[in-house]
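Listing of entry-v9.cif; format and content: mmCIF, C-alpha atoms.
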```cif
data_coords
loop_
_atom_site.group_PDB
_atom_site.id
_atom_site.type_symbol
_atom_site.label_atom_id
_atom_site.label_comp_id
_atom_site.auth_asym_id
_atom_site.auth_seq_id
_atom_site.Cartn_x
_atom_site.Cartn_y
_atom_site.Cartn_z
ATOM 1 C CA MET A 240 158.950 93.601 107.823
ATOM 2 C CA ASN A 241 155.625 92.267 106.560
ATOM 3 C CA ILE A 242 152.497 90.502 107.802
ATOM 4 C CA ARG A 243 153.691 87.061 106.757
ATOM 5 C CA GLN A 244 156.866 87.445 108.834
ATOM 6 C CA LEU A 245 154.788 88.399 111.874
ATOM 7 C CA GLU A 246 152.588 85.346 111.337
ATOM 8 C CA VAL A 247 155.716 83.191 111.314
ATOM 9 C CA LEU A 248 156.910 84.741 114.597
ATOM 10 C CA ARG A 249 153.523 84.203 116.263
ATOM 11 C CA THR A 250 153.271 80.614 115.059
ATOM 12 C CA LEU A 251 156.830 79.708 116.033
ATOM 13 C CA LEU A 252 156.257 81.066 119.531
ATOM 14 C CA ALA A 253 153.105 78.940 119.771
ATOM 15 C CA THR A 254 154.525 75.714 118.302
ATOM 16 C CA GLY A 255 158.281 75.918 118.930
ATOM 17 C CA SER A 256 158.962 74.096 115.666
ATOM 18 C CA THR A 257 159.583 75.128 112.070
ATOM 19 C CA ILE A 258 157.928 71.883 110.941
ATOM 20 C CA ALA A 259 154.761 72.578 112.907
ATOM 21 C CA ALA A 260 154.772 76.250 111.886
ATOM 22 C CA ALA A 261 155.165 75.294 108.235
ATOM 23 C CA LYS A 262 152.203 72.910 108.454
ATOM 24 C CA SER A 263 150.038 75.488 110.230
ATOM 25 C CA LEU A 264 150.839 78.265 107.747
ATOM 26 C CA GLY A 265 150.802 76.135 104.614
ATOM 27 C CA LEU A 266 154.470 76.834 103.878
ATOM 28 C CA SER A 267 157.569 74.751 103.402
ATOM 29 C CA GLN A 268 159.980 74.385 106.324
ATOM 30 C CA SER A 269 162.607 76.282 104.353
ATOM 31 C CA GLY A 270 160.048 79.033 103.679
ATOM 32 C CA VAL A 271 159.430 79.457 107.412
ATOM 33 C CA SER A 272 163.180 79.589 108.105
ATOM 34 C CA ARG A 273 163.701 82.169 105.353
ATOM 35 C CA LEU A 274 160.908 84.443 106.642
ATOM 36 C CA LEU A 275 162.292 84.218 110.182
ATOM 37 C CA GLN A 276 165.770 85.156 108.981
ATOM 38 C CA GLN A 277 164.373 88.101 107.039
ATOM 39 C CA LEU A 278 162.469 89.321 110.114
ATOM 40 C CA GLU A 279 165.554 89.069 112.321
ATOM 41 C CA ALA A 280 167.540 90.994 109.701
ATOM 42 C CA ASP A 281 164.852 93.672 109.382
ATOM 43 C CA LEU A 282 164.676 94.138 113.171
ATOM 44 C CA SER A 283 168.405 93.612 113.777
ATOM 45 C CA VAL A 284 167.374 91.391 116.695
ATOM 46 C CA THR A 285 167.972 87.689 117.308
ATOM 47 C CA LEU A 286 164.591 86.128 117.976
ATOM 48 C CA PHE A 287 165.465 82.463 118.377
ATOM 49 C CA ALA A 288 168.541 80.624 119.517
ATOM 50 C CA ARG A 289 169.397 77.457 117.602
ATOM 51 C CA ASP A 290 170.090 74.545 119.931
ATOM 52 C CA LYS A 291 170.603 71.122 118.347
ATOM 53 C CA GLY A 292 167.962 71.734 115.714
ATOM 54 C CA ARG A 293 165.549 73.337 118.151
ATOM 55 C CA LEU A 294 164.418 76.972 118.185
ATOM 56 C CA VAL A 295 164.513 78.570 121.594
ATOM 57 C CA PRO A 296 162.819 81.997 121.765
ATOM 58 C CA THR A 297 164.901 84.831 123.188
ATOM 59 C CA PRO A 298 163.389 87.269 125.712
ATOM 60 C CA GLU A 299 163.263 89.804 122.892
ATOM 61 C CA ALA A 300 161.157 87.381 120.840
ATOM 62 C CA GLU A 301 158.655 87.089 123.685
ATOM 63 C CA LEU A 302 158.326 90.881 123.925
ATOM 64 C CA LEU A 303 158.108 91.452 120.190
ATOM 65 C CA GLY A 304 155.725 88.517 119.892
ATOM 66 C CA ARG A 305 153.135 90.471 121.898
ATOM 67 C CA ASP A 306 153.525 93.392 119.485
ATOM 68 C CA ALA A 307 153.165 91.010 116.547
ATOM 69 C CA GLU A 308 150.002 89.564 118.085
ATOM 70 C CA ASN A 309 148.477 93.040 118.451
ATOM 71 C CA VAL A 310 149.331 93.942 114.850
ATOM 72 C CA LEU A 311 147.894 90.696 113.514
ATOM 73 C CA LEU A 312 144.713 91.087 115.556
ATOM 74 C CA ALA A 313 144.313 94.597 114.129
ATOM 75 C CA VAL A 314 144.796 93.240 110.600
ATOM 76 C CA GLU A 315 142.226 90.499 111.251
ATOM 77 C CA ARG A 316 139.756 93.085 112.579
ATOM 78 C CA MET A 317 140.342 95.198 109.483
ATOM 79 C CA ASN A 318 139.785 92.206 107.186
ATOM 80 C CA GLY A 319 136.616 91.353 109.071
ATOM 81 C CA HIS A 320 135.386 94.930 108.821
ATOM 82 C CA ALA A 321 136.096 94.939 105.082
ATOM 83 C CA GLU A 322 134.128 91.699 104.690
ATOM 84 C CA ASP A 323 131.206 93.268 106.587
ATOM 85 C CA LEU A 324 131.338 96.252 104.232
ATOM 86 C CA ARG A 325 131.341 93.982 101.185
ATOM 87 C CA SER A 326 128.460 91.886 102.506
ATOM 88 C CA GLY A 327 126.373 94.820 103.700
ATOM 89 C CA ALA A 328 126.563 93.859 107.380
ATOM 90 C CA ASP A 329 128.312 97.173 107.996
ATOM 91 C CA GLY A 330 128.769 100.436 106.136
ATOM 92 C CA PRO A 331 126.727 103.598 105.610
ATOM 93 C CA ASP A 332 123.577 103.725 107.741
ATOM 94 C CA ILE A 333 121.542 104.852 104.745
ATOM 95 C CA VAL A 334 121.664 105.044 100.944
ATOM 96 C CA ARG A 335 119.371 107.305 98.936
ATOM 97 C CA ILE A 336 118.031 106.797 95.418
ATOM 98 C CA GLY A 337 115.972 109.011 93.112
ATOM 99 C CA LEU A 338 113.523 107.363 90.710
ATOM 100 C CA PRO A 339 110.808 108.593 88.344
ATOM 101 C CA SER A 340 107.358 108.660 89.910
ATOM 102 C CA SER A 341 106.176 105.939 87.527
ATOM 103 C CA MET A 342 108.510 103.403 89.139
ATOM 104 C CA TRP A 343 107.003 103.340 92.618
ATOM 105 C CA GLU A 344 104.385 100.624 92.213
ATOM 106 C CA ASN A 345 106.168 97.459 91.045
ATOM 107 C CA PHE A 346 109.609 98.415 89.785
ATOM 108 C CA ALA A 347 111.068 99.940 92.968
ATOM 109 C CA PRO A 348 109.842 97.167 95.308
ATOM 110 C CA ALA A 349 111.507 94.559 93.072
ATOM 111 C CA ILE A 350 114.844 96.377 93.426
ATOM 112 C CA LEU A 351 114.542 96.834 97.170
ATOM 113 C CA VAL A 352 113.561 93.234 97.930
ATOM 114 C CA GLU A 353 116.725 92.014 96.207
ATOM 115 C CA TYR A 354 118.920 94.698 97.757
ATOM 116 C CA ALA A 355 117.584 94.328 101.308
ATOM 117 C CA ARG A 356 118.372 90.614 101.200
ATOM 118 C CA ASP A 357 122.028 91.295 100.393
ATOM 119 C CA PHE A 358 122.433 94.440 102.526
ATOM 120 C CA PRO A 359 120.204 93.890 105.569
ATOM 121 C CA GLY A 360 122.002 96.484 107.682
ATOM 122 C CA VAL A 361 121.475 99.400 105.289
ATOM 123 C CA ARG A 362 118.446 101.693 105.407
ATOM 124 C CA ILE A 363 117.149 102.856 102.018
ATOM 125 C CA GLU A 364 115.453 106.162 101.304
ATOM 126 C CA THR A 365 113.591 106.545 98.006
ATOM 127 C CA PHE A 366 112.709 109.801 96.248
ATOM 128 C CA PHE A 367 110.141 109.694 93.422
ATOM 129 C CA GLU A 368 110.558 112.789 91.286
ATOM 130 C CA SER A 369 110.836 114.189 87.760
ATOM 131 C CA THR A 370 114.138 114.117 85.862
ATOM 132 C CA THR A 371 114.707 117.807 86.657
ATOM 133 C CA ALA A 372 114.095 117.259 90.360
ATOM 134 C CA ILE A 373 116.342 114.167 90.447
ATOM 135 C CA GLN A 374 119.153 116.151 88.826
ATOM 136 C CA LYS A 375 118.784 118.836 91.476
ATOM 137 C CA LEU A 376 118.846 116.276 94.296
ATOM 138 C CA LEU A 377 122.043 114.805 92.850
ATOM 139 C CA GLU A 378 123.687 118.205 92.433
ATOM 140 C CA GLU A 379 122.862 119.047 96.044
ATOM 141 C CA ARG A 380 124.135 115.589 97.104
ATOM 142 C CA VAL A 381 120.872 114.729 98.783
ATOM 143 C CA ILE A 382 120.779 111.350 97.003
ATOM 144 C CA ASP A 383 123.554 108.928 96.042
ATOM 145 C CA ILE A 384 122.197 107.803 92.674
ATOM 146 C CA GLY A 385 119.309 108.711 90.413
ATOM 147 C CA PHE A 386 117.621 107.241 87.362
ATOM 148 C CA LEU A 387 116.675 109.835 84.786
ATOM 149 C CA ARG A 388 115.806 110.503 81.197
ATOM 150 C CA MET A 389 118.856 111.856 79.381
ATOM 151 C CA GLU A 390 117.657 115.148 77.941
ATOM 152 C CA GLY A 391 120.674 116.950 76.475
ATOM 153 C CA GLN A 392 123.679 117.879 78.598
ATOM 154 C CA THR A 393 123.485 117.263 82.336
ATOM 155 C CA GLY A 394 126.402 119.526 83.226
ATOM 156 C CA PRO A 395 129.816 118.866 84.772
ATOM 157 C CA THR A 396 128.494 118.138 88.262
ATOM 158 C CA LEU A 397 126.940 114.807 87.244
ATOM 159 C CA GLU A 398 128.205 111.565 85.748
ATOM 160 C CA VAL A 399 125.567 109.593 83.821
ATOM 161 C CA GLU A 400 125.861 105.989 82.649
ATOM 162 C CA HIS A 401 123.525 105.092 79.788
ATOM 163 C CA VAL A 402 121.554 101.970 80.738
ATOM 164 C CA ALA A 403 118.435 101.868 78.535
ATOM 165 C CA SER A 404 116.732 103.260 75.465
ATOM 166 C CA GLY A 405 113.134 103.497 74.320
ATOM 167 C CA GLU A 406 110.981 104.708 71.465
ATOM 168 C CA SER A 407 107.663 106.517 71.425
ATOM 169 C CA VAL A 408 104.707 104.134 71.403
ATOM 170 C CA CYS A 409 100.945 104.301 71.650
ATOM 171 C CA VAL A 410 99.605 102.389 74.623
ATOM 172 C CA ILE A 411 96.185 101.039 73.644
ATOM 173 C CA HIS A 412 93.597 98.876 75.372
ATOM 174 C CA LYS A 413 93.879 95.376 73.924
ATOM 175 C CA ASP A 414 90.251 95.514 72.696
ATOM 176 C CA HIS A 415 90.547 98.953 71.053
ATOM 177 C CA PRO A 416 90.267 99.039 67.203
ATOM 178 C CA LEU A 417 93.724 100.672 66.973
ATOM 179 C CA ALA A 418 95.247 97.531 68.513
ATOM 180 C CA ALA A 419 94.873 95.895 65.100
ATOM 181 C CA LEU A 420 97.468 98.260 63.606
ATOM 182 C CA GLU A 421 101.209 97.558 63.621
ATOM 183 C CA GLU A 422 102.024 101.286 63.733
ATOM 184 C CA VAL A 423 99.948 104.273 64.752
ATOM 185 C CA SER A 424 100.430 107.676 63.133
ATOM 186 C CA VAL A 425 99.224 111.075 64.254
ATOM 187 C CA LYS A 426 96.468 110.933 61.618
ATOM 188 C CA ASP A 427 95.232 107.608 63.060
ATOM 189 C CA LEU A 428 94.568 109.467 66.315
ATOM 190 C CA ARG A 429 92.162 112.008 64.831
ATOM 191 C CA GLY A 430 89.149 112.125 67.119
ATOM 192 C CA ILE A 431 90.617 109.512 69.509
ATOM 193 C CA PRO A 432 90.515 110.405 73.232
ATOM 194 C CA LEU A 433 94.123 110.958 74.337
ATOM 195 C CA ILE A 434 95.877 110.621 77.675
ATOM 196 C CA LEU A 435 98.855 112.978 77.553
ATOM 197 C CA ILE A 436 101.756 113.519 79.931
ATOM 198 C CA GLY A 437 104.002 116.374 80.951
ATOM 199 C CA ARG A 438 102.533 119.582 79.644
ATOM 200 C CA GLN A 439 105.309 122.163 78.981
ATOM 201 C CA ARG A 440 108.022 119.482 79.048
ATOM 202 C CA PRO A 441 110.306 119.153 75.978
ATOM 203 C CA ASN A 442 108.972 115.741 74.909
ATOM 204 C CA ARG A 443 105.355 116.882 75.249
ATOM 205 C CA MET A 444 106.065 120.047 73.304
ATOM 206 C CA GLY A 445 107.579 117.942 70.515
ATOM 207 C CA LEU A 446 104.467 115.750 70.462
ATOM 208 C CA ASP A 447 102.196 118.804 70.251
ATOM 209 C CA GLN A 448 104.228 120.055 67.303
ATOM 210 C CA ALA A 449 103.838 116.695 65.517
ATOM 211 C CA PHE A 450 100.041 116.970 65.760
ATOM 212 C CA LYS A 451 100.151 120.558 64.551
ATOM 213 C CA ARG A 452 102.317 119.693 61.536
ATOM 214 C CA ALA A 453 99.929 116.879 60.600
ATOM 215 C CA GLY A 454 96.944 119.217 60.896
ATOM 216 C CA VAL A 455 95.323 117.009 63.547
ATOM 217 C CA LYS A 456 93.606 118.559 66.537
ATOM 218 C CA GLN A 457 94.286 116.664 69.752
ATOM 219 C CA THR A 458 91.285 115.264 71.589
ATOM 220 C CA VAL A 459 92.731 115.356 75.097
ATOM 221 C CA LYS A 460 90.655 113.360 77.571
ATOM 222 C CA VAL A 461 93.121 113.260 80.491
ATOM 223 C CA GLU A 462 96.216 115.257 81.386
ATOM 224 C CA THR A 463 98.469 113.387 83.794
ATOM 225 C CA HIS A 464 102.036 113.488 85.060
ATOM 226 C CA THR A 465 103.128 109.867 85.456
ATOM 227 C CA ASN A 466 103.485 107.065 82.949
ATOM 228 C CA SER A 467 101.983 104.593 85.415
ATOM 229 C CA SER A 468 98.764 106.580 85.715
ATOM 230 C CA ALA A 469 98.596 107.013 81.929
ATOM 231 C CA CYS A 470 98.822 103.238 81.394
ATOM 232 C CA SER A 471 96.262 102.607 84.116
ATOM 233 C CA TYR A 472 93.853 105.048 82.505
ATOM 234 C CA VAL A 473 94.318 103.261 79.184
ATOM 235 C CA ALA A 474 93.601 99.931 80.887
ATOM 236 C CA HIS A 475 90.310 101.381 82.139
ATOM 237 C CA GLY A 476 89.275 102.484 78.660
ATOM 238 C CA LEU A 477 89.730 106.229 79.068
ATOM 239 C CA GLY A 478 91.781 106.692 75.919
ATOM 240 C CA VAL A 479 95.135 106.145 74.199
ATOM 241 C CA ALA A 480 98.466 107.251 75.705
ATOM 242 C CA ILE A 481 101.717 108.145 73.951
ATOM 243 C CA ILE A 482 104.754 107.358 76.086
ATOM 244 C CA SER A 483 108.225 105.815 75.859
ATOM 245 C CA SER A 484 108.368 102.080 75.293
ATOM 246 C CA PHE A 485 110.730 101.934 78.267
ATOM 247 C CA TYR A 486 107.873 102.824 80.597
ATOM 248 C CA ALA A 487 105.260 100.852 78.654
ATOM 249 C CA ASN A 488 107.342 97.740 79.360
ATOM 250 C CA LEU A 489 106.993 98.240 83.117
ATOM 251 C CA TYR A 490 103.288 97.325 83.183
ATOM 252 C CA PRO A 491 102.924 93.882 81.568
ATOM 253 C CA HIS A 492 100.073 93.024 83.942
ATOM 254 C CA LEU A 493 97.705 95.575 82.376
ATOM 255 C CA PRO A 494 95.282 94.688 79.528
ATOM 256 C CA VAL A 495 97.074 96.950 77.053
ATOM 257 C CA VAL A 496 99.248 96.649 73.970
ATOM 258 C CA ARG A 497 101.848 98.994 72.587
ATOM 259 C CA ARG A 498 102.204 100.056 68.993
ATOM 260 C CA ARG A 499 105.037 102.056 67.452
ATOM 261 C CA PHE A 500 104.099 105.720 67.131
ATOM 262 C CA LEU A 501 104.852 107.801 64.042
ATOM 263 C CA PRO A 502 106.686 110.155 63.707
ATOM 264 C CA HIS A 503 109.393 107.977 65.219
ATOM 265 C CA SER A 504 111.404 109.284 68.165
ATOM 266 C CA THR A 505 113.737 107.710 70.708
ATOM 267 C CA GLN A 506 114.656 108.291 74.339
ATOM 268 C CA ASP A 507 117.755 107.465 76.394
ATOM 269 C CA PHE A 508 117.879 106.746 80.121
ATOM 270 C CA GLY A 509 120.773 106.614 82.545
ATOM 271 C CA ILE A 510 121.902 106.198 86.142
ATOM 272 C CA ALA A 511 123.473 109.392 87.457
ATOM 273 C CA ARG A 512 125.649 110.282 90.429
ATOM 274 C CA SER A 513 127.642 113.273 91.552
ATOM 275 C CA ALA A 514 130.787 113.720 89.473
ATOM 276 C CA GLY A 515 134.058 113.023 91.270
ATOM 277 C CA LEU A 516 132.334 111.490 94.293
ATOM 278 C CA PRO A 517 132.996 107.740 94.611
ATOM 279 C CA LEU A 518 130.045 105.625 95.668
ATOM 280 C CA SER A 519 130.195 103.532 98.812
ATOM 281 C CA ILE A 520 130.044 99.763 98.351
ATOM 282 C CA ALA A 521 126.435 99.870 99.565
ATOM 283 C CA ALA A 522 125.445 102.635 97.119
ATOM 284 C CA GLN A 523 127.209 100.920 94.214
ATOM 285 C CA ALA A 524 125.387 97.700 95.021
ATOM 286 C CA LEU A 525 122.076 99.572 94.890
ATOM 287 C CA SER A 526 123.068 101.042 91.521
ATOM 288 C CA ASP A 527 123.886 97.528 90.284
ATOM 289 C CA ALA A 528 120.526 96.222 91.539
ATOM 290 C CA LEU A 529 118.794 99.068 89.681
ATOM 291 C CA THR A 530 120.657 98.188 86.472
ATOM 292 C CA ARG A 531 119.685 94.522 86.741
ATOM 293 C CA GLN A 532 116.025 95.368 87.285
ATOM 294 C CA ILE A 533 116.059 97.755 84.319
ATOM 295 C CA ARG A 534 117.431 95.003 82.075
ATOM 296 C CA ARG A 535 114.857 92.500 83.339
ATOM 297 C CA SER A 536 112.010 94.940 82.765
ATOM 298 C CA GLN A 537 113.001 95.437 79.126
ATOM 299 C CA GLN A 538 113.524 91.784 78.185
ATOM 300 C CA ASP A 539 109.914 90.944 77.361
ATOM 301 C CA PRO A 540 108.244 94.022 75.878
ATOM 302 C CA VAL A 541 104.486 94.012 75.882
#
```

What do you get writing this file as structure tokens?
Amino acid sequence: MNIRQLEVLRTLLATGSTIAAAKSLGLSQSGVSRLLQQLEADLSVTLFARDKGRLVPTPEAELLGRDAENVLLAVERMNGHAEDLRSGADGPDIVRIGLPSSMWENFAPAILVEYARDFPGVRIETFFESTTAIQKLLEERVIDIGFLRMEGQTGPTLEVEHVASGESVCVIHKDHPLAALEEVSVKDLRGIPLILIGRQRPNRMGLDQAFKRAGVKQTVKVETHTNSSACSYVAHGLGVAIISSFYANLYPHLPVVRRRFLPHSTQDFGIARSAGLPLSIAAQALSDALTRQIRRSQQDPV
């Protein structure tokens, strides 16, 4: 017994004709007759008497027809519920995402505007944290997805999909003399006020070592902890920042340029989730919206 057979029973009871049932269901008349015969065989019950080419429902058909109607209504409700889940009209009450602090100003709103249009019934909670903190939130299953810098192994509790790469660049005010260079080396930064990020973090420690190897003393003007603030400080003429091109690309509205920094180094970024824990449709859609916005942000580097 299958759903199509039940639809045939319901339609025959309503129309009393295999021709009309076939037209209503988009089947051939022989297809309707075959499905009815299969249903009668499956149930071992005669559902219709044949009288001069007419189908006359038996009392058993009337009783079983009510059961068929209930089953089909349940299937229709289930299909409708599934459609609501796909469209965002129904589903989890809330999805949670972890993003770097530098993404709060323009990047995150662009994601959420798109997502809220497609999933109006879902509440979104955003966490702006460091990579280490985002990893912890994922491991504790506080958030559904997180965007982070891929720094070595993340451990077996997380699954990370690589979505972007960057390279170290100097972010320079467009009117600064260094803007005339195609590449900026450590030695070019001798005596230049610097805006540096993430003291005691692995990437910052590597940068400090590069200055030490070149015999150049850093002239640190500002210590900060977000790429957005570093770029803003550069735009206001406070100095030169050294960050990943991935983040430099997020602020095209600022009066700054980026120049490749030597020694060359690269960075990888990914979207992470808890390993072995499938995402809901709503959470996966938010992950997809994040991926699209990442790709858009990197299309036209400044």

Resolved residues for the PyMOL selection byres ((chain A and resi 511-517) around 7) as a PyMOL selection string: chain A and resi 377-378+380+383-386+396-400+509-510+518-519

Selection: 8 Å around range 473-481 of chain A, only C-alpha atoms, excl. self and same-chain fewer than 4 positions, as a PyMOL selection string: chain A and resi 407-412+431-435+460-461+469+493-495+500

For a test of reading the model, state the distance in Å between CA of Ser369 in chain A and CA of Gly337 in chain A, rounded to one decimal. 9.0 Å

So, counting all atoms listed in the file, which residue among A:Leu275, A:Leu489, A:Glu246, A:His464 is closest to Arg305 in chain A?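 Residue with the minimum atom-to-atom distance to Arg305 in chain A: A:Glu246.
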
List as a PyMOL selection string: which residues have an atom within 6 Å of (113.9, 108.0, 97.7), counting all atoms listed in the file? chain A and resi 335-337+364-367

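The space separating CA of Val314 in chain A from CA of Asp357 in chain A comes to 25.0 Å.
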
Using all atoms listed in the file, which residue out of A:Ala521, A:Met240, A:Leu248, A:Ile350 lies closest to Ser272 in chain A?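 Ranked by minimum distance to Ser272 in chain A, first place goes to A:Leu248.
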
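Take the candidates A:Arg534, A:Arg499, A:Arg452, A:Arg243 and check each one against Glu422 in chain A using only C-alpha atoms; the shortest distance goes to A:Arg499.
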
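Taken over the shown file, the PyMOL selection byres ((chain A and resi 362) around 9) identifies Pro331, Asp332, Ile333, Val334, Arg335, Ala355, Phe358, Pro359, Gly360, Val361, Ile363 and Glu364 of chain A.
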
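Against this structure, the PyMOL selection byres ((chain A and resi 249-263) around 8) ends up with Leu245, Glu246, Val247, Leu248, Leu264, Gly265, Leu266, Ser267, Gln268, Gly270, Val271, Ser272, Arg293, Leu294, Val295, Pro296, Glu301, Gly304, Ala307 and Glu308 of chain A.
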
Take the residues that were just selected and, keeping C-alpha atoms, output them as a tab-separated table (two decimals), in the coordinates of the input.
```tsv
chain	number	residue	atom	x	y	z
A	245	LEU	CA	154.79	88.40	111.87
A	246	GLU	CA	152.59	85.35	111.34
A	247	VAL	CA	155.72	83.19	111.31
A	248	LEU	CA	156.91	84.74	114.60
A	264	LEU	CA	150.84	78.26	107.75
A	265	GLY	CA	150.80	76.14	104.61
A	266	LEU	CA	154.47	76.83	103.88
A	267	SER	CA	157.57	74.75	103.40
A	268	GLN	CA	159.98	74.39	106.32
A	270	GLY	CA	160.05	79.03	103.68
A	271	VAL	CA	159.43	79.46	107.41
A	272	SER	CA	163.18	79.59	108.10
A	293	ARG	CA	165.55	73.34	118.15
A	294	LEU	CA	164.42	76.97	118.18
A	295	VAL	CA	164.51	78.57	121.59
A	296	PRO	CA	162.82	82.00	121.76
A	301	GLU	CA	158.66	87.09	123.68
A	304	GLY	CA	155.72	88.52	119.89
A	307	ALA	CA	153.16	91.01	116.55
A	308	GLU	CA	150.00	89.56	118.08
```

Quick check, in Å to one decimal: how far apart do CA of Ser504 in chain A and CA of Glu406 in chain A lie? 5.7 Å

Of the residues A:Leu446, A:Ala288, A:Val423, A:Leu311, which is the one nearest to Gln244 in chain A, using only C-alpha atoms? A:Leu311

Mind checking which residues fall within 12 Å of Ala419 in chain A, counting all atoms listed in the file, ignoring those fewer than 5 positions away in the same chain, and posting them as a ChimeraX atom specification? /A:411-414,427,496-498

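When all atoms listed in the file are used to compute distances to Ile382 in chain A, the closest of the residues A:Val459, A:Leu338, A:Ala528, A:Leu286 turns out to be A:Leu338.
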
Residue completion, range 302-316 of chain A, N, CA, C and O atoms, as a short mmCIF file (atom, residue, chain, number, x, y, z; two decimals), in the frame of the given file:
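Written out: out-v5.cif:
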```cif
data_model
loop_
_atom_site.label_atom_id
_atom_site.label_comp_id
_atom_site.auth_asym_id
_atom_site.auth_seq_id
_atom_site.Cartn_x
_atom_site.Cartn_y
_atom_site.Cartn_z
N LEU A 302 158.86 89.51 123.88
CA LEU A 302 158.33 90.88 123.92
C LEU A 302 157.77 91.30 122.57
O LEU A 302 156.65 91.84 122.48
N LEU A 303 158.55 91.06 121.53
CA LEU A 303 158.11 91.45 120.19
C LEU A 303 156.94 90.60 119.71
O LEU A 303 156.13 91.04 118.89
N GLY A 304 156.85 89.39 120.25
CA GLY A 304 155.72 88.52 119.89
C GLY A 304 154.39 89.12 120.30
O GLY A 304 153.39 88.97 119.60
N ARG A 305 154.38 89.81 121.47
CA ARG A 305 153.14 90.47 121.90
C ARG A 305 152.77 91.60 120.94
O ARG A 305 151.59 91.80 120.62
N ASP A 306 153.79 92.34 120.48
CA ASP A 306 153.52 93.39 119.48
C ASP A 306 153.00 92.78 118.19
O ASP A 306 152.06 93.31 117.57
N ALA A 307 153.61 91.67 117.77
CA ALA A 307 153.16 91.01 116.55
C ALA A 307 151.71 90.55 116.67
O ALA A 307 150.92 90.68 115.73
N GLU A 308 151.38 90.01 117.86
CA GLU A 308 150.00 89.56 118.08
C GLU A 308 149.01 90.72 117.97
O GLU A 308 147.95 90.59 117.35
N ASN A 309 149.36 91.87 118.53
CA ASN A 309 148.48 93.04 118.45
C ASN A 309 148.30 93.51 117.01
O ASN A 309 147.20 93.87 116.59
N VAL A 310 149.41 93.52 116.26
CA VAL A 310 149.33 93.94 114.85
C VAL A 310 148.45 92.98 114.05
O VAL A 310 147.58 93.39 113.28
N LEU A 311 148.66 91.69 114.27
CA LEU A 311 147.89 90.70 113.51
C LEU A 311 146.42 90.71 113.88
O LEU A 311 145.54 90.53 113.03
N LEU A 312 146.11 90.96 115.15
CA LEU A 312 144.71 91.09 115.56
C LEU A 312 144.07 92.30 114.89
O LEU A 312 142.91 92.24 114.46
N ALA A 313 144.83 93.40 114.79
CA ALA A 313 144.31 94.60 114.13
C ALA A 313 144.06 94.33 112.64
O ALA A 313 143.05 94.77 112.08
N VAL A 314 144.98 93.59 112.01
CA VAL A 314 144.80 93.24 110.60
C VAL A 314 143.57 92.35 110.43
O VAL A 314 142.77 92.54 109.50
N GLU A 315 143.39 91.38 111.33
CA GLU A 315 142.23 90.50 111.25
C GLU A 315 140.93 91.28 111.46
O GLU A 315 139.92 91.01 110.79
N ARG A 316 140.95 92.24 112.39
CA ARG A 316 139.76 93.08 112.58
C ARG A 316 139.45 93.89 111.32
O ARG A 316 138.31 94.05 110.92
#
```
